[in-house]
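Q: Questions regarding the structure given below will be posed in turn.
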Amino acid sequence: MPARIGVVTFPGTQDDADALRAVRIAGAEPVSLWHRDADLHGVDAIVLPGGFSYGDYLRCGAIARFSPVMESVIAAAHEGMPVLGICNGFQVLCESHLLPGALIRNDGMLFVNRDVRLSVESADTAWTSGYKVGQEILIPIKNGEGKFTADERTLDELEATGRIVARYLDNPNGSARAIAGVANAAGNVVGLMPHPEHAVDELTGPYPGPATDGLAFFTSVLQRLIDSELVTA
Amino acid sequence: MARVVVDVMLKPEILDPQGQAVHRALPRLGFDGVVDVRQGKRFEVELEGEADEAALARVREMAEKLLANTVIEEYRVRVED
């Protein structure tokens with residue numbers, strides 16, 4: 001039986017269809033989850049996709065954090081379930097305090113919408129084990145409030161404990177220390193501002209490519225789930 | 001009825017791109033001598049009863065939980081006369 005990966009839809013979510021498609025292309029069974037339904041329907045991992053949950057009123061991700069589904073996602077994340085937050089999903093994870101720091105308005109106030117080159121900084125998370133540390137990948141970005149910020153002590157701790165997942169090679173939004181993604185201490189929860197779900201096939205991935213650099217986020221978690229099943233079997 | 005105001009501002013050590021953009025625009029409009037601008041949010045919370053200590057404690061709880069993100073923002077609660 002293939003692993004079941006849930007993708008949450010909040011009002012205002014835009015990238016749920018692409019995330020479901022990426023899950024399917026990676027070889028897992030995509031499961032749609034609804035923000036008002038606290039039931040996780042037996043999924044093995046969860047993706048919080050990009051968009052503008054609840055219109056991003058108040059702050060990005062602030063209201064989504066208190067949705068019924070997120071109460072369940074937060075509990076499951078604490079128990080070790082892999083959770084990937086992409087863009088708005090990253091903002092939701094920060095607002096949920098599953099990840100440190102916060103995302104604020106980009107430097108220069110500009111909405112950034114282009115392909116960016118990243119350096120993968122950690123292959124020890126549930127979502128990045130398929131990459132090599134230092135590997136350069138090309139992934140689209142599209143955000144207005146994607147500037148990662150945290151106090152210096154938190155940033156130092158993230159560096160020291162290997163929890164910076166990816167860095168921008170050309171920091172497009174002024175993020176602290178060019179951070180594009182971070183993980184929690186256990187490595188099961190990852191937040192990422194760029195969109196790997198938009199770089200999973202030749203037809204719709206970055207052009208000129210490489211077009212499928214994002215796919216390994218989704219195959220990494222499958223490998224993690226298979227490994228953990230072998231351990232428990 | 002009582003009105004309680006919650007002012008939310010980015011912490012001083014957090015750079016404020018919105019405030020900076022406004023700051024940069026002011027000289028173009030002829031407003032010189034402005035050293036810095038920071039932009040925040042103001043919530044006006046209308047309460048059913050009196051703004052007594054218990055009610056203010058509830059408003060502070062609201063601010064902690066939802067109105068402010070205390071990772072990057074600070075807030076101040078005051079009763080408006």
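Convention: chains lettered A, B, ... in structure tokens order; per-chain residue numbering from 1; ligands numbered from 1 as shown.
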Just asking: which residues within chain B are alpha helix (DSSP H) according to DSSP, as a list in words?

A: Pro17, Gln18, Gly19, Gln20, Ala21, Val22, His23, Arg24, Ala25, Leu26, Pro27, Arg28, Glu53, Ala54, Ala55, Leu56, Ala57, Arg58, Val59, Arg60, Glu61 and Met62 of chain B

Q: The selected residues should be written to file as a tab-separated table (two decimals), in the first residue's frame (atoms: N, CA, C and O atoms).

A:
```tsv
chain	number	residue	atom	x	y	z
B	17	PRO	N	10.36	46.85	6.90
B	17	PRO	CA	10.39	47.29	5.50
B	17	PRO	C	9.27	48.27	5.16
B	17	PRO	O	9.48	49.19	4.37
B	18	GLN	N	8.08	48.10	5.77
B	18	GLN	CA	6.97	49.02	5.48
B	18	GLN	C	7.31	50.42	5.97
B	18	GLN	O	7.13	51.41	5.25
B	19	GLY	N	7.80	50.50	7.20
B	19	GLY	CA	8.19	51.79	7.75
B	19	GLY	C	9.28	52.44	6.92
B	19	GLY	O	9.25	53.65	6.66
B	20	GLN	N	10.23	51.62	6.48
B	20	GLN	CA	11.34	52.16	5.67
B	20	GLN	C	10.84	52.72	4.34
B	20	GLN	O	11.31	53.76	3.87
B	21	ALA	N	9.87	52.01	3.73
B	21	ALA	CA	9.34	52.47	2.44
B	21	ALA	C	8.65	53.82	2.62
B	21	ALA	O	8.79	54.72	1.79
B	22	VAL	N	7.91	53.95	3.72
B	22	VAL	CA	7.23	55.22	3.99
B	22	VAL	C	8.27	56.32	4.25
B	22	VAL	O	8.16	57.44	3.74
B	23	HIS	N	9.29	55.95	5.03
B	23	HIS	CA	10.35	56.90	5.35
B	23	HIS	C	11.00	57.45	4.09
B	23	HIS	O	11.26	58.64	3.95
B	24	ARG	N	11.25	56.55	3.13
B	24	ARG	CA	11.91	56.96	1.90
B	24	ARG	C	11.02	57.84	1.04
B	24	ARG	O	11.50	58.65	0.26
B	25	ALA	N	9.69	57.65	1.17
B	25	ALA	CA	8.76	58.41	0.33
B	25	ALA	C	8.59	59.85	0.84
B	25	ALA	O	8.27	60.75	0.07
B	26	LEU	N	8.78	60.06	2.14
B	26	LEU	CA	8.47	61.37	2.72
B	26	LEU	C	9.28	62.54	2.12
B	26	LEU	O	8.68	63.56	1.78
B	27	PRO	N	10.61	62.40	1.98
B	27	PRO	CA	11.37	63.53	1.41
B	27	PRO	C	10.90	63.88	-0.01
B	27	PRO	O	10.90	65.05	-0.39
B	28	ARG	N	10.47	62.87	-0.76
B	28	ARG	CA	9.99	63.13	-2.12
B	28	ARG	C	8.76	64.03	-2.10
B	28	ARG	O	8.44	64.70	-3.07
B	53	GLU	N	-9.71	44.74	35.85
B	53	GLU	CA	-8.46	43.98	35.75
B	53	GLU	C	-8.67	42.65	35.03
B	53	GLU	O	-7.85	42.23	34.21
B	54	ALA	N	-9.79	41.98	35.35
B	54	ALA	CA	-10.05	40.67	34.74
B	54	ALA	C	-10.23	40.81	33.23
B	54	ALA	O	-9.70	40.02	32.44
B	55	ALA	N	-10.96	41.88	32.83
B	55	ALA	CA	-11.19	42.10	31.40
B	55	ALA	C	-9.87	42.42	30.69
B	55	ALA	O	-9.60	41.93	29.59
B	56	LEU	N	-9.04	43.23	31.34
B	56	LEU	CA	-7.76	43.59	30.73
B	56	LEU	C	-6.85	42.37	30.61
B	56	LEU	O	-6.10	42.23	29.64
B	57	ALA	N	-6.96	41.49	31.60
B	57	ALA	CA	-6.16	40.25	31.53
B	57	ALA	C	-6.59	39.43	30.31
B	57	ALA	O	-5.76	38.83	29.62
B	58	ARG	N	-7.89	39.42	30.03
B	58	ARG	CA	-8.40	38.70	28.86
B	58	ARG	C	-7.87	39.33	27.58
B	58	ARG	O	-7.51	38.64	26.63
B	59	VAL	N	-7.85	40.65	27.53
B	59	VAL	CA	-7.37	41.34	26.33
B	59	VAL	C	-5.88	41.04	26.13
B	59	VAL	O	-5.42	40.81	25.01
B	60	ARG	N	-5.12	41.03	27.24
B	60	ARG	CA	-3.69	40.70	27.11
B	60	ARG	C	-3.51	39.28	26.58
B	60	ARG	O	-2.63	39.00	25.77
B	61	GLU	N	-4.41	38.38	27.02
B	61	GLU	CA	-4.37	37.00	26.52
B	61	GLU	C	-4.66	36.97	25.01
B	61	GLU	O	-4.00	36.25	24.25
B	62	MET	N	-5.65	37.77	24.59
B	62	MET	CA	-5.97	37.88	23.15
B	62	MET	C	-4.73	38.34	22.37
B	62	MET	O	-4.42	37.82	21.31
```

Q: Should the cut-off be 9 Å, what would the residue list for chain A against chain B look like, counting only C-alpha atoms, as a ChimeraX atom specification?

A: /A:58-59,62-63,95,100-102,104-109,149-151

Q: Give me the residues within 10 Å of Pro12 in chain B as a list in words, counting only C-alpha atoms and dropping any in the same chain fewer than 6 places off.

A: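 With the cut-off at 10 Å, the set is Arg38, Ile72, Glu73 and Glu74 of chain B.
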
Q: What would the file look like if the residues just selected were written as a CSV table (one decimal), in the first residue's frame with all heavy atoms?

A:
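Saved file selection.csv follows:
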```csv
chain,number,residue,atom,x,y,z
B,38,ARG,N,8.4,53.9,11.7
B,38,ARG,CA,8.0,52.5,11.9
B,38,ARG,C,6.5,52.4,11.9
B,38,ARG,O,5.8,53.3,12.4
B,38,ARG,CB,8.6,52.0,13.2
B,38,ARG,CG,10.1,51.9,13.2
B,38,ARG,CD,10.7,51.4,14.5
B,38,ARG,NE,10.5,49.9,14.7
B,38,ARG,CZ,11.2,49.0,14.0
B,38,ARG,NH1,12.1,49.3,13.2
B,38,ARG,NH2,11.0,47.7,14.3
B,72,ILE,N,8.2,38.4,16.9
B,72,ILE,CA,8.7,39.6,16.3
B,72,ILE,C,8.0,40.9,16.7
B,72,ILE,O,8.5,42.0,16.4
B,72,ILE,CB,8.5,39.5,14.7
B,72,ILE,CG1,7.1,39.1,14.4
B,72,ILE,CG2,9.5,38.5,14.1
B,72,ILE,CD1,6.7,39.2,12.9
B,73,GLU,N,6.9,40.8,17.4
B,73,GLU,CA,6.2,42.0,17.8
B,73,GLU,C,6.0,42.2,19.3
B,73,GLU,O,6.0,41.2,20.0
B,73,GLU,CB,4.8,42.0,17.1
B,73,GLU,CG,4.8,42.0,15.6
B,73,GLU,CD,3.4,41.7,15.0
B,73,GLU,OE1,2.6,40.9,15.6
B,73,GLU,OE2,3.1,42.2,13.9
B,74,GLU,N,5.9,43.5,19.7
B,74,GLU,CA,5.5,43.8,21.1
B,74,GLU,C,4.2,44.5,21.0
B,74,GLU,O,3.8,45.1,20.0
B,74,GLU,CB,6.6,44.6,21.7
B,74,GLU,CG,6.9,45.9,21.0
B,74,GLU,CD,8.2,46.5,21.6
B,74,GLU,OE1,9.0,45.9,22.3
B,74,GLU,OE2,8.3,47.7,21.3
```

Q: Quick one: distance from CA of Arg4 in chain A to CA of Ala45 in chain A in Å, one decimal?

A: 6.9 Å

Q: For CA of Gly80 in chain A and CA of Asp201 in chain A, determine how far apart the two atoms are, in Å to one decimal place.

A: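 The value is 29.3 Å.
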
Q: Could you go through chain B and tell me which residues DSSP, when run on the backbone, assigns to strand (DSSP E or B), listing them as a count of residues only?

A: 25
